[in-house]
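As structure tokens, the structure follows; a few thoughts come after it.
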Amino acid sequence: MSGERVIQACEAEWPKDKTDCSAFVRDVAGRLGVTLTGNADSIVDEICGAGWERLHDGVAASHAADAGRLVIAGLKGGDQEIPSVHGHVVVVVSGLLANGKYPSAYWGRLGGIGDKNKTINWAWRAGDRDHVIYAARAILV
């Protein structure tokens, strides 16, 4: 299975969830048969738990997305360079790899508008993007 299925799910959910990263990730995951709950910080906790494979870096995340797996990247608010009550999560998709390490993704943005099929160096501040957690799992439906 290619990564096209994840991109299709992202395209379907982005218009309604472009202003909320956690809703976007939850809805894309749900469309693919994976349940995620809560806000961005909760989602980061979930992808660090059972049923998810922690990936070493953005290159591994890109390869997993190319293989058609659901890949989520996230960083808790308290772990950001400028701590926040809100973390951030994205759906990594098959696509370009910026600077040899930042995979392509879709995301919503609380208090703004997220982005579509752009590399994650645009999703986090420069001081945060190298600390992002990546995890993958098989698509269930």
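We name chains A, B, ... following the order of the structure tokens; residues begin at 1 in each chain, and ligands are numbered from 1 as shown.
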Fewer than 6 positions away in the same chain doesn't count, so skip those; otherwise give me all residues within 10 Å of Asp79 (chain A), counting only C-alpha atoms, as number ranges by chain. A: 41, 87, 128, 131-132
Could those selected residues go to a file with all heavy atoms, as a compact mmCIF listing (two decimals), in the first residue's frame?
# COMPACT_ATOMS: atom_id res chain seq x y z
N ASP A 41 -0.87 17.41 23.17
CA ASP A 41 -0.02 16.77 24.18
C ASP A 41 -0.48 15.33 24.43
O ASP A 41 0.35 14.42 24.55
CB ASP A 41 -0.05 17.56 25.49
CG ASP A 41 0.81 18.82 25.45
OD1 ASP A 41 1.41 19.11 24.40
OD2 ASP A 41 0.88 19.50 26.49
N GLY A 87 0.68 21.92 22.61
CA GLY A 87 1.66 21.25 21.77
C GLY A 87 1.24 21.36 20.32
O GLY A 87 0.32 22.11 19.98
N ASP A 128 12.65 24.09 17.66
CA ASP A 128 11.81 22.95 18.05
C ASP A 128 11.84 21.80 17.05
O ASP A 128 11.70 20.64 17.43
CB ASP A 128 10.35 23.40 18.22
CG ASP A 128 10.16 24.33 19.39
OD1 ASP A 128 10.90 24.22 20.38
OD2 ASP A 128 9.25 25.19 19.30
N HIS A 131 13.47 18.42 17.59
CA HIS A 131 13.10 17.68 18.80
C HIS A 131 11.76 16.97 18.67
O HIS A 131 11.26 16.39 19.62
CB HIS A 131 13.06 18.65 20.00
CG HIS A 131 14.37 19.34 20.20
ND1 HIS A 131 15.47 18.70 20.72
CD2 HIS A 131 14.76 20.60 19.91
CE1 HIS A 131 16.50 19.55 20.73
NE2 HIS A 131 16.08 20.70 20.25
N VAL A 132 11.19 17.03 17.49
CA VAL A 132 9.89 16.43 17.22
C VAL A 132 9.97 14.91 17.38
O VAL A 132 10.97 14.29 17.01
CB VAL A 132 9.43 16.82 15.79
CG1 VAL A 132 8.23 16.03 15.35
CG2 VAL A 132 9.16 18.31 15.73
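Using only C-alpha atoms for every distance, the candidate list A:Lys116, A:His63, A:Arg54, A:Arg69 yields A:Arg69 as the residue closest to Leu32 (chain A).
The residue that comes closest to Glu4 (chain A), out of A:Pro103, A:Gly51, A:Gly77, A:Gly68 and on the basis of only C-alpha atoms, is A:Gly68.
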Closest of A:Asp115, A:Ala138, A:Gly49, A:Ser22 to Thr37 (chain A) - atom-to-atom distances counting only C-alpha atoms: A:Ser22
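Compared by their closest atoms to Trp124 (chain A), and using only C-alpha atoms, the residues A:Gly3, A:Gly58, A:Gly74, A:Gly30 rank with A:Gly74 nearest.
The space separating CA of Val71 (chain A) from CA of Ala12 (chain A) comes to 16.9 Å.
Shortest atom-to-atom contact with Ser104 (chain A) among A:Val25, A:Ala40, A:Ala61, A:Ile82: A:Ala61, counting only C-alpha atoms.
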Leaving out Asn39 (chain A) and any residue of its chain fewer than 2 positions from it, which residues lie within 10 Å of it when counting only C-alpha atoms, given as a PyMOL selection string? chain A and resi 20-23+25-26+36-37+41-44+76+86-89
Mind listing the strand (DSSP E) residues of chain A, per DSSP on the backbone, as a PyMOL selection string? chain A and resi 53-55+70-75+88-98+102-107+115-119+133-137
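Proximity of A:Asp27, A:Glu81, A:Glu11, A:Asp130 to Lys101 (chain A), computed with only C-alpha atoms, is greatest for A:Asp130.
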Tyr106 (chain A): which residues within 7 Å, counting only C-alpha atoms, same-chain residues fewer than 4 positions away excluded, as a VMD selection string? chain A and resid 10 90 to 92 115 to 118
